[in-house]
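Below is one structure; the comments refer to it alone.
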Amino acid sequence: MDVDREDVSRRLHVKFVTKLDSPFKVPANSVAIPSNVTRLGLSSIVNSIIESDNPEWKTEPFDFLIDGELIRMSLEEFLLAKGISAERTLEIEYIRAVTPRKEEEPSLHDDWVSAVNGSSPRFILTGCYDGLGRVWSSAGSCSHILEGHSGAISSVALVNSNDAETVTVATSSKDRTLRLFKFDPTESVDSTTKVRAYKILRGHKASVQSVSAQKSGNMVCSSSWDCTINLWNTNESTSEGESVSVKKRKGNNQGEESQSEGEAVTSLVGHTQCVSSVVWPEYDVIYSSSWDHSVRRWDVETGKDSLNLFCGKALNTVDVGGEGSALIAAGGSDPILRVWDPRKPGTSAPVFQFSSHSSWISACKWHKSSWFHLLSASYDGKIMLWDLRTAWPLSVIDTHNDKVLSADWWKGESVISGGADSKLRISSGIAIS
């Protein structure tokens, strides 16, 4: 009991600072707090200070940093671990906690939701094991169905820019093809509109796992179980080197629709097993992950790989972002999310490894406007939100009741995810500072 009283009575003098605007600011004077306080306790203290000047204040979760590092243990343990003196007044920065503040109602599908894409703030794209792509204007509101695949959809990608009136979308499927669709997300319709592909891309010899678009929208790349990455034109007219089979049919209350078929412009060869994921972040650079345990960076002009990282595990997913859009995140057949920084010389080992999942990782995505934040999804049924400044997850989203197969950011403040429970989930109100 004496030890407990001594621990509780030990006080530290701290000053809370923030870059947040009013009403989140607290006075700049120092306060004395217990040394054994944790992040939740610190959050309660800051909320109490704000509430004392603002009786209508609603409790807000906060995170805390000392010298740019997030606190994920008691304050006393943190100071001891970092060798920081408790004799001086500590300056503790607080930020809004990165955690969902609202869960939308689930959007039901007829089978597993294998792909989600939140690239457009106007809508969400999903791909499903029933072979259909879907466009959602909001939770539960499906505006368009993308028809035509004879196998499960594995990936969906937005091809053209967000401000275009007519949107172009690419889908990849286990039926060995990709399809390109056009639709108008602003059209007002009482019922769901069915959309047929304007172009079918054939050439892979096995299931297509992933599709990603060049920023210009002129091309897409795809990866497959046939160990190759193919590059394709997205234009409606056929370019040299493509074979065309134009099909026409009468649409409902419409004139004849045409549908062309295209061949790959080129193939990138080097992986020795399934190429599970591709991203195309720069005009002339593509990144890929594979079951051959490697992440590769490809020069589009030469068709050669300029970086080859091995991690000893089959990989399911890769994304590029973070500081300078240069960090590579990947996950696969173990519970570890790995991050590499290829700018560092001799970089073959990850610079970060996050290991809080309990099963394989199915997806990872960097936040587009943050150097530090990314998400991961796993077969353990969880999505975890990460900050490079701490080894522990900032938040665990546990809304699925089966494997999570896909996840992405949406509108900068929401996480969207699809799973083996046949649901699209939207977790919103996430503050990224």
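Letters A, B, ... go to the chains of the structure tokens in the order shown; residues in each chain start at 1; ligands are counted from 1 in the same order.
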Excluding same-chain residues fewer than 5 positions from Ser369 of chain A, what lies within 12 Å of it counting only C-alpha atoms, as a PDB file with N, CA, C and O atoms, in the first residue's frame?
```pdb
ATOM      1  N   GLY A 321       4.164   5.145 -50.581  1.00  0.00           N
ATOM      2  CA  GLY A 321       3.690   6.420 -50.041  1.00  0.00           C
ATOM      3  C   GLY A 321       4.613   6.911 -48.955  1.00  0.00           C
ATOM      4  O   GLY A 321       5.819   6.680 -48.990  1.00  0.00           O
ATOM      5  N   GLY A 322       4.033   7.607 -47.961  1.00  0.00           N
ATOM      6  CA  GLY A 322       4.846   8.133 -46.876  1.00  0.00           C
ATOM      7  C   GLY A 322       5.699   9.305 -47.308  1.00  0.00           C
ATOM      8  O   GLY A 322       5.391   9.996 -48.286  1.00  0.00           O
ATOM      9  N   GLU A 323       6.792   9.552 -46.576  1.00  0.00           N
ATOM     10  CA  GLU A 323       7.656  10.696 -46.841  1.00  0.00           C
ATOM     11  C   GLU A 323       8.193  10.669 -48.266  1.00  0.00           C
ATOM     12  O   GLU A 323       8.812   9.698 -48.687  1.00  0.00           O
ATOM     13  N   GLY A 324       7.922  11.749 -49.014  1.00  0.00           N
ATOM     14  CA  GLY A 324       8.381  11.832 -50.398  1.00  0.00           C
ATOM     15  C   GLY A 324       7.758  10.799 -51.309  1.00  0.00           C
ATOM     16  O   GLY A 324       8.266  10.557 -52.407  1.00  0.00           O
ATOM     17  N   SER A 325       6.666  10.174 -50.875  1.00  0.00           N
ATOM     18  CA  SER A 325       6.022   9.079 -51.628  1.00  0.00           C
ATOM     19  C   SER A 325       7.053   8.036 -52.033  1.00  0.00           C
ATOM     20  O   SER A 325       7.006   7.489 -53.138  1.00  0.00           O
ATOM     21  N   LEU A 374      -0.589   4.756 -42.326  1.00  0.00           N
ATOM     22  CA  LEU A 374      -0.996   3.735 -43.283  1.00  0.00           C
ATOM     23  C   LEU A 374      -1.903   2.735 -42.565  1.00  0.00           C
ATOM     24  O   LEU A 374      -1.984   2.715 -41.337  1.00  0.00           O
ATOM     25  N   TRP A 409      -8.350   3.919 -47.996  1.00  0.00           N
ATOM     26  CA  TRP A 409      -8.813   5.187 -47.436  1.00  0.00           C
ATOM     27  C   TRP A 409      -9.854   5.793 -48.365  1.00  0.00           C
ATOM     28  O   TRP A 409      -9.814   5.562 -49.579  1.00  0.00           O
ATOM     29  N   TRP A 410     -10.761   6.588 -47.818  1.00  0.00           N
ATOM     30  CA  TRP A 410     -11.766   7.291 -48.632  1.00  0.00           C
ATOM     31  C   TRP A 410     -11.976   8.686 -48.055  1.00  0.00           C
ATOM     32  O   TRP A 410     -12.181   8.843 -46.851  1.00  0.00           O
ATOM     33  N   LYS A 411     -11.909   9.681 -48.910  1.00  0.00           N
ATOM     34  CA  LYS A 411     -12.122  11.091 -48.552  1.00  0.00           C
ATOM     35  C   LYS A 411     -11.128  11.597 -47.506  1.00  0.00           C
ATOM     36  O   LYS A 411     -11.354  12.637 -46.893  1.00  0.00           O
ATOM     37  N   GLY A 412     -10.063  10.856 -47.266  1.00  0.00           N
ATOM     38  CA  GLY A 412      -9.054  11.289 -46.314  1.00  0.00           C
ATOM     39  C   GLY A 412      -9.392  11.034 -44.862  1.00  0.00           C
ATOM     40  O   GLY A 412      -8.509  11.080 -44.007  1.00  0.00           O
ATOM     41  N   GLU A 413     -10.671  10.764 -44.555  1.00  0.00           N
ATOM     42  CA  GLU A 413     -11.057  10.599 -43.153  1.00  0.00           C
ATOM     43  C   GLU A 413     -11.890   9.352 -42.901  1.00  0.00           C
ATOM     44  O   GLU A 413     -12.452   9.175 -41.822  1.00  0.00           O
ATOM     45  N   ALA A 431      -9.386  11.373 -37.802  1.00  0.00           N
ATOM     46  CA  ALA A 431      -8.646  12.624 -37.907  1.00  0.00           C
ATOM     47  C   ALA A 431      -7.174  12.343 -38.165  1.00  0.00           C
ATOM     48  O   ALA A 431      -6.481  11.807 -37.312  1.00  0.00           O
ATOM     49  N   ILE A 432      -6.700  12.686 -39.364  1.00  0.00           N
ATOM     50  CA  ILE A 432      -5.274  12.555 -39.716  1.00  0.00           C
ATOM     51  C   ILE A 432      -4.672  13.940 -39.710  1.00  0.00           C
ATOM     52  O   ILE A 432      -5.062  14.800 -40.513  1.00  0.00           O
ATOM     53  N   SER A 433      -3.724  14.203 -38.806  1.00  0.00           N
ATOM     54  CA  SER A 433      -3.132  15.542 -38.719  1.00  0.00           C
ATOM     55  C   SER A 433      -1.731  15.512 -39.302  1.00  0.00           C
ATOM     56  O   SER A 433      -1.128  14.470 -39.473  1.00  0.00           O
TER      57      SER A 433
END
```
In segment 180-394 of chain A, DSSP strand (DSSP E) residues written as a PyMOL selection string: chain A and resi 180-183+193-196+199-202+208-213+219-224+228-233+247-250+256-262+266-269+275-282+285-290+294-299+304-310+315-321+327-332+334-340+352-354+361-366+373-378+383-387
Please provide as a count of residues only all residues within 8 Å of Glu104 of chain A, with the sequence filter that same-chain residues fewer than 6 positions apart are discarded (counting only C-alpha atoms). 5
Mind running segment 75-191 of chain A against segment 275-281 of chain A at 12 Å and telling me each contacting residue's nearest atom pair with the distance in Å (one decimal), counting only C-alpha atoms, chain and number ascending, as a tab-separated table?
```
residue	atom	partner	partner_atom	distance
A:Ala115	CA	A:Ser277	CA	11.9
A:Ser154	CA	A:Ser276	CA	9.9
A:Ser155	CA	A:Ser277	CA	9.1
A:Val156	CA	A:Ser277	CA	11.7
A:Ala157	CA	A:Val279	CA	10.2
A:Leu158	CA	A:Trp280	CA	12.0
A:Val159	CA	A:Trp280	CA	11.2
A:Ser172	CA	A:Ser277	CA	11.4
```
Go ahead and dump the residues you just picked, N, CA and C atoms, as a PDB file, in the first residue's frame.
```pdb
ATOM      1  N   ALA A 115     -12.466  -6.675 -53.373  1.00  0.00           N
ATOM      2  CA  ALA A 115     -11.754  -5.462 -53.771  1.00  0.00           C
ATOM      3  C   ALA A 115     -12.558  -4.229 -53.390  1.00  0.00           C
ATOM      4  N   SER A 154     -11.042  -9.505 -58.733  1.00  0.00           N
ATOM      5  CA  SER A 154      -9.928  -9.488 -57.789  1.00  0.00           C
ATOM      6  C   SER A 154      -9.474  -8.081 -57.430  1.00  0.00           C
ATOM      7  N   SER A 155      -9.746  -7.107 -58.317  1.00  0.00           N
ATOM      8  CA  SER A 155      -9.221  -5.760 -58.108  1.00  0.00           C
ATOM      9  C   SER A 155     -10.037  -4.760 -58.922  1.00  0.00           C
ATOM     10  N   VAL A 156     -10.155  -3.539 -58.400  1.00  0.00           N
ATOM     11  CA  VAL A 156     -10.843  -2.458 -59.118  1.00  0.00           C
ATOM     12  C   VAL A 156      -9.971  -1.210 -59.046  1.00  0.00           C
ATOM     13  N   ALA A 157      -9.964  -0.419 -60.121  1.00  0.00           N
ATOM     14  CA  ALA A 157      -9.127   0.783 -60.161  1.00  0.00           C
ATOM     15  C   ALA A 157      -9.847   1.907 -60.880  1.00  0.00           C
ATOM     16  N   LEU A 158      -9.688   3.128 -60.367  1.00  0.00           N
ATOM     17  CA  LEU A 158     -10.173   4.320 -61.051  1.00  0.00           C
ATOM     18  C   LEU A 158      -9.122   4.717 -62.073  1.00  0.00           C
ATOM     19  N   VAL A 159      -9.547   4.899 -63.332  1.00  0.00           N
ATOM     20  CA  VAL A 159      -8.589   5.139 -64.415  1.00  0.00           C
ATOM     21  C   VAL A 159      -8.378   6.614 -64.682  1.00  0.00           C
ATOM     22  N   SER A 172     -10.232  -6.321 -62.735  1.00  0.00           N
ATOM     23  CA  SER A 172      -9.509  -7.539 -63.100  1.00  0.00           C
ATOM     24  C   SER A 172     -10.210  -8.722 -62.463  1.00  0.00           C
TER      25      SER A 172
END
```
Contacts of Ile200 of chain A at 12 Å (only C-alpha atoms; same-chain gap of 2+ positions) as an NGL selection string: :A and (147-149 or 170-173 or 175-181 or 196-198 or 202-204 or 232-236 or 238 or 242-247 or 258-264)
What is the distance, in Å and to one decimal place, between atom CA of Glu56 of chain A and atom CA of Ser43 of chain A?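 According to the coordinates, atom CA of Glu56 of chain A and atom CA of Ser43 of chain A are separated by 17.2 Å.
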Can you work out the spacing between atom CA of Pro185 of chain A and atom CA of Leu146 of chain A in Å, to one decimal?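 Straight-line distance from atom CA of Pro185 of chain A to atom CA of Leu146 of chain A works out to 12.8 Å.
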